[in-house]
Every structure is written in C-alpha cells, then in structure tokens.
$ cat input_6.pdb   # PDB, C-alpha atoms and all ligand atoms
ATOM      1  CA  MET P   1     -49.636-162.573 103.706
ATOM      2  CA  LYS P   2     -50.713-163.859 100.305
ATOM      3  CA  SER P   3     -50.514-161.205  97.617
ATOM      4  CA  THR P   4     -53.653-160.783  95.551
ATOM      5  CA  HIS P   5     -53.566-160.233  91.837
ATOM      6  CA  LYS P   6     -55.762-157.381  90.865
ATOM      7  CA  ALA P   7     -56.259-156.610  87.182
ATOM      8  CA  ILE P   8     -57.828-153.633  85.489
ATOM      9  CA  TYR P   9     -59.643-154.067  82.186
ATOM     10  CA  PRO P  10     -60.005-150.545  80.810
ATOM     11  CA  GLY P  11     -61.972-149.479  77.756
ATOM     12  CA  SER P  12     -64.745-147.335  76.388
ATOM     13  CA  PHE P  13     -67.386-150.110  76.599
ATOM     14  CA  ASP P  14     -69.732-147.980  74.502
ATOM     15  CA  PRO P  15     -71.581-150.361  74.887
ATOM     16  CA  ILE P  16     -70.296-153.643  76.343
ATOM     17  CA  THR P  17     -70.365-156.479  73.763
ATOM     18  CA  ASN P  18     -70.164-160.272  73.929
ATOM     19  CA  GLY P  19     -66.459-159.933  73.078
ATOM     20  CA  HIS P  20     -65.862-157.878  76.225
ATOM     21  CA  VAL P  21     -67.941-160.279  78.359
ATOM     22  CA  ASP P  22     -65.876-163.206  77.077
ATOM     23  CA  ILE P  23     -62.617-161.487  78.066
ATOM     24  CA  ILE P  24     -64.027-160.559  81.508
ATOM     25  CA  ARG P  25     -65.217-164.121  82.167
ATOM     26  CA  ARG P  26     -61.858-165.543  81.186
ATOM     27  CA  ILE P  27     -59.714-163.116  83.188
ATOM     28  CA  SER P  28     -61.973-163.394  86.240
ATOM     29  CA  LYS P  29     -60.791-167.007  86.471
ATOM     30  CA  ILE P  30     -57.126-165.986  86.374
ATOM     31  CA  PHE P  31     -56.992-162.923  88.639
ATOM     32  CA  ASP P  32     -58.283-162.600  92.196
ATOM     33  CA  GLU P  33     -60.002-159.332  91.409
ATOM     34  CA  VAL P  34     -60.921-157.632  88.140
ATOM     35  CA  ILE P  35     -61.956-154.007  87.805
ATOM     36  CA  VAL P  36     -63.747-153.227  84.562
ATOM     37  CA  LEU P  37     -62.912-149.576  84.091
ATOM     38  CA  VAL P  38     -64.971-147.287  81.906
ATOM     39  CA  SER P  39     -62.295-144.826  80.830
ATOM     40  CA  HIS P  40     -63.587-141.639  79.377
ATOM     41  CA  SER P  41     -62.336-138.300  78.307
ATOM     42  CA  SER P  42     -64.588-135.290  78.021
ATOM     43  CA  ASP P  43     -63.564-134.616  74.391
ATOM     44  CA  LYS P  44     -64.510-138.083  73.130
ATOM     45  CA  SER P  45     -68.091-138.347  71.928
ATOM     46  CA  ALA P  46     -69.793-141.456  73.223
ATOM     47  CA  THR P  47     -73.208-142.920  72.474
ATOM     48  CA  PHE P  48     -73.920-143.993  76.064
ATOM     49  CA  SER P  49     -73.166-141.862  79.119
ATOM     50  CA  VAL P  50     -70.630-143.171  81.622
ATOM     51  CA  SER P  51     -73.371-144.122  84.081
ATOM     52  CA  GLU P  52     -75.365-145.898  81.356
ATOM     53  CA  ARG P  53     -72.237-147.820  80.302
ATOM     54  CA  MET P  54     -71.505-148.831  83.888
ATOM     55  CA  ALA P  55     -75.098-149.986  84.446
ATOM     56  CA  LEU P  56     -75.023-152.055  81.230
ATOM     57  CA  ILE P  57     -71.743-153.715  82.290
ATOM     58  CA  LYS P  58     -73.147-154.511  85.745
ATOM     59  CA  GLY P  59     -76.323-155.895  84.200
ATOM     60  CA  ALA P  60     -74.303-158.125  81.888
ATOM     61  CA  LEU P  61     -72.201-159.641  84.698
ATOM     62  CA  PRO P  62     -74.551-160.263  87.594
ATOM     63  CA  GLU P  63     -72.934-163.442  88.901
ATOM     64  CA  MET P  64     -69.261-162.501  88.992
ATOM     65  CA  ALA P  65     -68.322-161.863  92.598
ATOM     66  CA  ASN P  66     -64.693-160.853  91.975
ATOM     67  CA  VAL P  67     -65.517-158.349  89.223
ATOM     68  CA  LYS P  68     -66.137-154.683  90.003
ATOM     69  CA  VAL P  69     -67.100-151.849  87.698
ATOM     70  CA  ASP P  70     -65.731-148.344  88.012
ATOM     71  CA  SER P  71     -65.068-145.284  85.853
ATOM     72  CA  HIS P  72     -62.182-142.919  85.458
ATOM     73  CA  GLU P  73     -61.297-139.831  83.491
ATOM     74  CA  GLY P  74     -57.617-139.435  82.689
ATOM     75  CA  LEU P  75     -54.677-141.806  82.684
ATOM     76  CA  THR P  76     -55.484-145.447  83.368
ATOM     77  CA  VAL P  77     -52.054-145.878  84.949
ATOM     78  CA  GLU P  78     -52.933-143.285  87.584
ATOM     79  CA  TYR P  79     -56.116-145.183  88.393
ATOM     80  CA  ALA P  80     -54.115-148.422  88.624
ATOM     81  CA  GLN P  81     -51.626-146.818  91.004
ATOM     82  CA  LYS P  82     -54.413-145.604  93.274
ATOM     83  CA  ALA P  83     -56.154-148.983  93.168
ATOM     84  CA  GLN P  84     -52.838-150.736  93.808
ATOM     85  CA  ALA P  85     -53.238-152.856  90.704
ATOM     86  CA  ARG P  86     -50.228-153.778  88.597
ATOM     87  CA  ILE P  87     -51.915-155.444  85.656
ATOM     88  CA  LEU P  88     -53.779-153.844  82.776
ATOM     89  CA  VAL P  89     -55.618-156.262  80.521
ATOM     90  CA  ARG P  90     -56.392-155.488  76.904
ATOM     91  CA  GLY P  91     -58.105-157.683  74.353
ATOM     92  CA  LEU P  92     -56.497-158.387  71.021
ATOM     93  CA  ARG P  93     -58.624-159.081  67.993
ATOM     94  CA  ALA P  94     -57.058-158.764  64.560
ATOM     95  CA  VAL P  95     -53.509-157.691  63.754
ATOM     96  CA  VAL P  96     -54.780-154.126  63.471
ATOM     97  CA  ASP P  97     -55.280-154.006  67.262
ATOM     98  CA  PHE P  98     -51.660-154.908  67.840
ATOM     99  CA  GLU P  99     -49.949-151.700  66.826
ATOM    100  CA  TYR P 100     -52.236-149.522  68.930
ATOM    101  CA  GLU P 101     -51.937-151.816  71.947
ATOM    102  CA  ALA P 102     -48.138-152.022  71.601
ATOM    103  CA  SER P 103     -47.732-148.239  71.650
ATOM    104  CA  MET P 104     -50.250-147.840  74.456
ATOM    105  CA  GLY P 105     -48.518-150.546  76.498
ATOM    106  CA  ASN P 106     -45.140-148.935  75.969
ATOM    107  CA  ILE P 107     -46.363-145.468  76.882
ATOM    108  CA  ASN P 108     -47.925-146.849  80.051
ATOM    109  CA  LYS P 109     -44.639-148.569  80.822
ATOM    110  CA  THR P 110     -42.776-145.265  80.595
ATOM    111  CA  ILE P 111     -45.282-143.701  83.011
ATOM    112  CA  ASP P 112     -44.977-146.549  85.499
ATOM    113  CA  PRO P 113     -42.551-149.432  84.834
ATOM    114  CA  HIS P 114     -44.183-151.533  87.552
ATOM    115  CA  ILE P 115     -47.438-151.840  85.667
ATOM    116  CA  GLU P 116     -47.665-154.615  83.079
ATOM    117  CA  THR P 117     -50.051-154.810  80.150
ATOM    118  CA  VAL P 118     -51.376-158.305  79.566
ATOM    119  CA  LEU P 119     -52.861-158.968  76.126
ATOM    120  CA  VAL P 120     -55.577-161.575  75.850
ATOM    121  CA  PHE P 121     -56.566-162.961  72.456
ATOM    122  CA  ALA P 122     -60.215-162.625  71.489
ATOM    123  CA  SER P 123     -62.010-165.953  71.176
ATOM    124  CA  PRO P 124     -62.567-166.903  67.516
ATOM    125  CA  GLU P 125     -66.354-166.563  67.808
ATOM    126  CA  PHE P 126     -66.102-162.982  69.082
ATOM    127  CA  TYR P 127     -63.040-161.619  67.384
ATOM    128  CA  PHE P 128     -65.037-159.656  64.782
ATOM    129  CA  ILE P 129     -67.269-157.885  67.332
ATOM    130  CA  SER P 130     -66.586-154.267  68.196
ATOM    131  CA  SER P 131     -68.779-151.670  69.895
ATOM    132  CA  ARG P 132     -68.594-149.595  66.729
ATOM    133  CA  MET P 133     -69.783-152.443  64.526
ATOM    134  CA  VAL P 134     -72.594-153.260  66.943
ATOM    135  CA  LYS P 135     -73.772-149.631  66.822
ATOM    136  CA  ASP P 136     -73.672-149.659  63.021
ATOM    137  CA  VAL P 137     -75.881-152.758  62.973
ATOM    138  CA  ALA P 138     -78.304-151.172  65.484
ATOM    139  CA  LYS P 139     -78.403-147.912  63.509
ATOM    140  CA  ASN P 140     -79.488-149.858  60.457
ATOM    141  CA  ARG P 141     -82.054-151.804  62.508
ATOM    142  CA  GLY P 142     -80.180-155.071  62.107
ATOM    143  CA  PRO P 143     -80.170-157.955  64.631
ATOM    144  CA  VAL P 144     -77.827-157.359  67.571
ATOM    145  CA  GLU P 145     -78.968-160.272  69.783
ATOM    146  CA  ASP P 146     -75.907-162.398  69.009
ATOM    147  CA  LEU P 147     -73.470-159.515  69.451
ATOM    148  CA  VAL P 148     -74.288-157.983  72.828
ATOM    149  CA  PRO P 149     -75.486-159.299  76.226
ATOM    150  CA  ALA P 150     -79.288-159.640  76.556
ATOM    151  CA  ASN P 151     -79.618-156.568  78.813
ATOM    152  CA  VAL P 152     -77.949-154.349  76.174
ATOM    153  CA  VAL P 153     -80.251-155.210  73.252
ATOM    154  CA  SER P 154     -83.165-152.936  74.080
ATOM    155  CA  PRO P 155     -81.168-149.897  75.359
ATOM    156  CA  LEU P 156     -79.110-150.120  72.165
ATOM    157  CA  ARG P 157     -82.194-150.201  69.929
ATOM    158  CA  LYS P 158     -83.820-147.355  71.884
ATOM    159  CA  LYS P 159     -80.722-145.188  71.572
ATOM    160  CA  PHE P 160     -80.907-145.289  67.799
ATOM    161  CA  GLU P 161     -84.717-145.076  67.617
ATOM    162  CA  LYS P 162     -84.473-141.800  69.535
ATOM    163  CA  LYS P 163     -81.689-140.557  67.285
ATOM    164  CA  SER P 164     -83.550-141.336  64.061
ATOM    165  CA  GLU P 165     -86.773-139.763  65.446
ATOM    166  CA  ARG P 166     -84.859-136.577  66.206
ATOM    167  CA  SER P 167     -83.235-136.454  62.790
ATOM    168  CA  GLY P 168     -86.601-137.242  61.125
ATOM    169  CA  LYS P 169     -85.324-140.449  59.489
TER     170      LYS P 169
HETATM  171  P1  LIG O 201     -61.117-148.761  73.631
HETATM  172  O1  LIG O 201     -61.929-147.615  73.108
HETATM  173  O2  LIG O 201     -60.221-148.433  74.770
HETATM  174  O3  LIG O 201     -60.432-149.587  72.562
HETATM  175  P2  LIG O 201     -63.164-150.787  73.775
HETATM  176  O4  LIG O 201     -64.344-150.673  74.648
HETATM  177  O5  LIG O 201     -63.392-150.730  72.304
HETATM  178  O6  LIG O 201     -62.188-149.699  74.316
HETATM  179  O7  LIG O 201     -62.394-152.125  74.105
HETATM  180  C1  LIG O 201     -61.841-152.366  75.362
HETATM  181  C2  LIG O 201     -60.855-153.499  75.245
HETATM  182  O8  LIG O 201     -61.537-154.672  74.839
HETATM  183  C3  LIG O 201     -59.769-153.278  74.193
HETATM  184  O9  LIG O 201     -58.583-153.859  74.656
HETATM  185  C4  LIG O 201     -60.295-154.009  72.989
HETATM  186  O10 LIG O 201     -59.250-154.435  72.131
HETATM  187  C5  LIG O 201     -60.972-155.188  73.659
HETATM  188  N1  LIG O 201     -62.026-155.747  72.840
HETATM  189  C6  LIG O 201     -63.006-155.097  72.191
HETATM  190  N2  LIG O 201     -63.800-155.955  71.524
HETATM  191  C7  LIG O 201     -63.300-157.197  71.758
HETATM  192  C8  LIG O 201     -63.657-158.516  71.318
HETATM  193  N3  LIG O 201     -64.666-158.721  70.477
HETATM  194  N4  LIG O 201     -62.925-159.552  71.762
HETATM  195  C9  LIG O 201     -61.878-159.332  72.585
HETATM  196  N5  LIG O 201     -61.464-158.127  73.015
HETATM  197  C10 LIG O 201     -62.175-157.064  72.610
END
$ encode --input "input_6.pdb" --output "structure tokens" --more "lines below"
Ligand code: ADP
Amino acid sequence: MKSTHKAIYPGSFDPITNGHVDIIRRISKIFDEVIVLVSHSSDKSATFSVSERMALIKGALPEMANVKVDSHEGLTVEYAQKAQARILVRGLRAVVDFEYEASMGNINKTIDPHIETVLVFASPEFYFISSRMVKDVAKNRGPVEDLVPANVVSPLRKKFEKKSERSGK
C-alpha cells in the first residue's frame, strides 16, 4: 500500500492572510493531504473566534480538494498523533521567526521524535505580512485588500468598526 504524506499546518490564523494562503497553496502541491489547524488556547485573546477563523480559511481556499480545516486546543503534536500525521509545517519569514520556530520544533521533537517540523520560506512578496500587522492596518482604517484574501476584507473591517463604535472612537 502506498503511504500518504499528511501534513499539518498549525497556527492562530487570526485572521488568515495572503502569506498563509501562499504557504498552503505551495504545500498542497507537495503533500497528499494538508490539514490547516487553528490552534487555540483559552488564555490567548484572539480577535476572531475559532469558528470565524475556520470559516474565513475555508472561504479563502474553496478549490483545494486535498486541504482540510480543523481546530484544536492543546498540543499540536497530540493532534498530529491522533490524525496520524508526521509532518508539521511552519512558515518562516524574517530571521526573527527562526529562534521561536527552532525551540518549538525541538520541544515537539522531545514530545514525539517521529514528528518532523518542516520550515517553508515565505515568498518575497508576502514575507512582511502578519496577522498582527493586518489588524493594525484595519484598526487604522488602512487598505487591507492586498494583504488578506478577498473574503476576509469585509469581516476584518467590520470587526474593527464594531470595536471603535463600542469604545466611542
Ligand atoms: P502562530 O500564532 O502560531 O505564529 P500564525 O497564524 O501567526 O500562527 O502563523 C502560522 C504560521 O504561518 C507560522 O508558522 C507563521 O510563521 C507562518 N506565517 C505567518 N505569516 C506568514 C507569511 N506572511 N508568509 C509565510 N508564513 C507565514
């Protein structure tokens, strides 16, 4: 029987950006199956709820048959074990990402030595995009059309319109 290569791409995706979509497109051509995993912990404050984040990811990737979206609270390695996936993909932007990813990868390796972290370099045109930066632009009513998938633009604007209405700004 042919073994299938299943990869997990975990992250906060709060919200999904064009940088994430680029990584997903690229890895979907390498692995048989990709699970985009919204990892969340109850103590981490997020702008979008887990279900909103999952819906935005699904809306951004309508045509990718081998890509699934799921969510998980807790250790990503435990999710990978249950899903019988041995590859975790992380995107690498600037050098600053490296240290965090190296320690994360090593910790995951101590939890389960069979699971490998694969680092994928951000494409030059997306390497400066982060969910945090995109939210900062939206908060200040700047243009986000070139930073996030089309389906994310209006939910992102609405999120911050509501917030500024509530705070009276
Ligand atoms: P986390 O909070 O776990 O870092 P993110 O949602 O910010 O989750 O990112 C998920 C993954 O995608 C991380 O590996 C991150 O480095 C990567 N990533 C984020 N933005 C980009 C981008 N513009 N290009 C490539 N990879 C990216």
$ axis_aligned_box --input "input_6.pdb" --around "ligand LIG 201 (chain O)" --padding-each-side "8 Å" --output "JSON"
{"center_x": -61.6, "center_y": -153.6, "center_z": 72.9, "size_x": 22.1, "size_y": 27.9, "size_z": 20.9}
$ resolve_selection --input "input_6.pdb" --expression "the PyMOL selection byres (((chain P and resi 79) around 12) and not hetatm)" --output "mmCIF file with C-alpha atoms, in the coordinates of the input"
data_model
loop_
_atom_site.group_PDB
_atom_site.id
_atom_site.type_symbol
_atom_site.label_atom_id
_atom_site.label_comp_id
_atom_site.auth_asym_id
_atom_site.auth_seq_id
_atom_site.Cartn_x
_atom_site.Cartn_y
_atom_site.Cartn_z
ATOM 1 C CA ALA P 7 -56.259 -156.610 87.182
ATOM 2 C CA ILE P 8 -57.828 -153.633 85.489
ATOM 3 C CA TYR P 9 -59.643 -154.067 82.186
ATOM 4 C CA PRO P 10 -60.005 -150.545 80.810
ATOM 5 C CA ILE P 35 -61.956 -154.007 87.805
ATOM 6 C CA VAL P 36 -63.747 -153.227 84.562
ATOM 7 C CA LEU P 37 -62.912 -149.576 84.091
ATOM 8 C CA VAL P 38 -64.971 -147.287 81.906
ATOM 9 C CA SER P 39 -62.295 -144.826 80.830
ATOM 10 C CA ASP P 70 -65.731 -148.344 88.012
ATOM 11 C CA SER P 71 -65.068 -145.284 85.853
ATOM 12 C CA HIS P 72 -62.182 -142.919 85.458
ATOM 13 C CA GLU P 73 -61.297 -139.831 83.491
ATOM 14 C CA GLY P 74 -57.617 -139.435 82.689
ATOM 15 C CA LEU P 75 -54.677 -141.806 82.684
ATOM 16 C CA THR P 76 -55.484 -145.447 83.368
ATOM 17 C CA VAL P 77 -52.054 -145.878 84.949
ATOM 18 C CA GLU P 78 -52.933 -143.285 87.584
ATOM 19 C CA ALA P 80 -54.115 -148.422 88.624
ATOM 20 C CA GLN P 81 -51.626 -146.818 91.004
ATOM 21 C CA LYS P 82 -54.413 -145.604 93.274
ATOM 22 C CA ALA P 83 -56.154 -148.983 93.168
ATOM 23 C CA GLN P 84 -52.838 -150.736 93.808
ATOM 24 C CA ALA P 85 -53.238 -152.856 90.704
ATOM 25 C CA ARG P 86 -50.228 -153.778 88.597
ATOM 26 C CA ILE P 87 -51.915 -155.444 85.656
ATOM 27 C CA LEU P 88 -53.779 -153.844 82.776
ATOM 28 C CA ASN P 108 -47.925 -146.849 80.051
ATOM 29 C CA ASP P 112 -44.977 -146.549 85.499
ATOM 30 C CA ILE P 115 -47.438 -151.840 85.667
#
$ closest_residue --input "input_6.pdb" --among "P:Tyr127, P:Arg132, P:Thr47, P:Ala60" --to "Val21 in chain P" --atoms "all atoms listed in the file"
P:Ala60
$ residues_around --input "input_6.pdb" --residues "Ser154 in chain P" --least-positions-apart "3" --cutoff "12 Å" --atoms "all atoms listed in the file" --output "PyMOL selection string"
chain P and resi 15+56+138+141+143-145+148-151+157-161
$ write_last_selection --input "input_6.pdb" --atoms "C-alpha atoms" --output "JSON list (two decimals), in the frame of the given file"
[["chain", "number", "residue", "atom", "x", "y", "z"],
["P", 15, "PRO", "CA", -71.58, -150.36, 74.89],
["P", 56, "LEU", "CA", -75.02, -152.06, 81.23],
["P", 138, "ALA", "CA", -78.30, -151.17, 65.48],
["P", 141, "ARG", "CA", -82.05, -151.80, 62.51],
["P", 143, "PRO", "CA", -80.17, -157.96, 64.63],
["P", 144, "VAL", "CA", -77.83, -157.36, 67.57],
["P", 145, "GLU", "CA", -78.97, -160.27, 69.78],
["P", 148, "VAL", "CA", -74.29, -157.98, 72.83],
["P", 149, "PRO", "CA", -75.49, -159.30, 76.23],
["P", 150, "ALA", "CA", -79.29, -159.64, 76.56],
["P", 151, "ASN", "CA", -79.62, -156.57, 78.81],
["P", 157, "ARG", "CA", -82.19, -150.20, 69.93],
["P", 158, "LYS", "CA", -83.82, -147.35, 71.88],
["P", 159, "LYS", "CA", -80.72, -145.19, 71.57],
["P", 160, "PHE", "CA", -80.91, -145.29, 67.80],
["P", 161, "GLU", "CA", -84.72, -145.08, 67.62]]
$ residues_near_ligand --input "input_6.pdb" --ligand "ligand LIG 201 (chain O)" --cutoff "6 Å" --atoms "only C-alpha atoms and all ligand atoms" --output "list in words"
Gly11, Ser12, Phe13, Gly19, His20, Ile23, Arg90, Gly91, Leu92, Arg93, Ala122, Phe126, Tyr127, Phe128, Ile129, Ser130 and Ser131 of chain P
$ residues_around --input "input_6.pdb" --residues "Phe31 in chain P" --least-positions-apart "4" --cutoff "7 Å" --atoms "only C-alpha atoms" --output "list in words"
His5, Lys6, Ala7 and Ile27 of chain P
$ residues_around --input "input_6.pdb" --residues "Phe48 in chain P" --least-positions-apart "2" --cutoff "9 Å" --atoms "all atoms listed in the file" --output "PyMOL selection string"
chain P and resi 13-15+46+50-53+156+159
$ atom_distance --input "input_6.pdb" --atom1 "CA of Val153 in chain P" --atom2 "CA of Glu125 in chain P"
18.8 Å
$ atom_distance --input "input_6.pdb" --atom1 "CA of Asn140 in chain P" --atom2 "CA of Pro155 in chain P"
15.0 Å
$ decode --input "input_6.pdb" --residues "range 115-127 of chain P" --atoms "N, CA, C and O atoms" --output "PDB file, in the first residue's frame"
ATOM      1  N   ILE P 115       7.753  12.910  14.810  1.00  0.00           N
ATOM      2  CA  ILE P 115       7.113  14.014  14.087  1.00  0.00           C
ATOM      3  C   ILE P 115       8.162  15.063  13.699  1.00  0.00           C
ATOM      4  O   ILE P 115       8.931  15.525  14.530  1.00  0.00           O
ATOM      5  N   GLU P 116       8.194  15.383  12.422  1.00  0.00           N
ATOM      6  CA  GLU P 116       9.180  16.335  11.898  1.00  0.00           C
ATOM      7  C   GLU P 116       8.522  17.689  11.632  1.00  0.00           C
ATOM      8  O   GLU P 116       7.412  17.755  11.113  1.00  0.00           O
ATOM      9  N   THR P 117       9.277  18.748  11.955  1.00  0.00           N
ATOM     10  CA  THR P 117       8.819  20.088  11.578  1.00  0.00           C
ATOM     11  C   THR P 117       9.504  20.466  10.275  1.00  0.00           C
ATOM     12  O   THR P 117      10.723  20.374  10.160  1.00  0.00           O
ATOM     13  N   VAL P 118       8.707  20.867   9.308  1.00  0.00           N
ATOM     14  CA  VAL P 118       9.255  21.306   8.024  1.00  0.00           C
ATOM     15  C   VAL P 118       9.038  22.809   7.919  1.00  0.00           C
ATOM     16  O   VAL P 118       7.915  23.295   8.065  1.00  0.00           O
ATOM     17  N   LEU P 119      10.135  23.549   7.720  1.00  0.00           N
ATOM     18  CA  LEU P 119      10.026  25.010   7.618  1.00  0.00           C
ATOM     19  C   LEU P 119      10.006  25.430   6.160  1.00  0.00           C
ATOM     20  O   LEU P 119      10.830  24.976   5.373  1.00  0.00           O
ATOM     21  N   VAL P 120       9.045  26.254   5.829  1.00  0.00           N
ATOM     22  CA  VAL P 120       8.899  26.708   4.440  1.00  0.00           C
ATOM     23  C   VAL P 120       9.119  28.224   4.418  1.00  0.00           C
ATOM     24  O   VAL P 120       8.496  28.956   5.191  1.00  0.00           O
ATOM     25  N   PHE P 121      10.018  28.681   3.560  1.00  0.00           N
ATOM     26  CA  PHE P 121      10.289  30.111   3.489  1.00  0.00           C
ATOM     27  C   PHE P 121       9.109  30.863   2.894  1.00  0.00           C
ATOM     28  O   PHE P 121       8.525  30.431   1.893  1.00  0.00           O
ATOM     29  N   ALA P 122       8.790  32.006   3.502  1.00  0.00           N
ATOM     30  CA  ALA P 122       7.759  32.879   2.938  1.00  0.00           C
ATOM     31  C   ALA P 122       8.226  33.372   1.578  1.00  0.00           C
ATOM     32  O   ALA P 122       9.412  33.606   1.364  1.00  0.00           O
ATOM     33  N   SER P 123       7.282  33.531   0.649  1.00  0.00           N
ATOM     34  CA  SER P 123       7.629  34.119  -0.645  1.00  0.00           C
ATOM     35  C   SER P 123       7.960  35.590  -0.428  1.00  0.00           C
ATOM     36  O   SER P 123       7.358  36.242   0.435  1.00  0.00           O
ATOM     37  N   PRO P 124       8.910  36.126  -1.216  1.00  0.00           N
ATOM     38  CA  PRO P 124       9.346  37.514  -1.013  1.00  0.00           C
ATOM     39  C   PRO P 124       8.185  38.518  -0.965  1.00  0.00           C
ATOM     40  O   PRO P 124       8.191  39.442  -0.166  1.00  0.00           O
ATOM     41  N   GLU P 125       7.162  38.301  -1.804  1.00  0.00           N
ATOM     42  CA  GLU P 125       6.074  39.291  -1.835  1.00  0.00           C
ATOM     43  C   GLU P 125       5.166  39.238  -0.609  1.00  0.00           C
ATOM     44  O   GLU P 125       4.334  40.109  -0.409  1.00  0.00           O
ATOM     45  N   PHE P 126       5.298  38.185   0.200  1.00  0.00           N
ATOM     46  CA  PHE P 126       4.409  38.063   1.364  1.00  0.00           C
ATOM     47  C   PHE P 126       5.157  38.069   2.694  1.00  0.00           C
ATOM     48  O   PHE P 126       4.543  38.000   3.739  1.00  0.00           O
ATOM     49  N   TYR P 127       6.478  38.137   2.622  1.00  0.00           N
ATOM     50  CA  TYR P 127       7.227  37.853   3.840  1.00  0.00           C
ATOM     51  C   TYR P 127       6.994  38.884   4.952  1.00  0.00           C
ATOM     52  O   TYR P 127       7.201  38.603   6.121  1.00  0.00           O
TER      53      TYR P 127
END
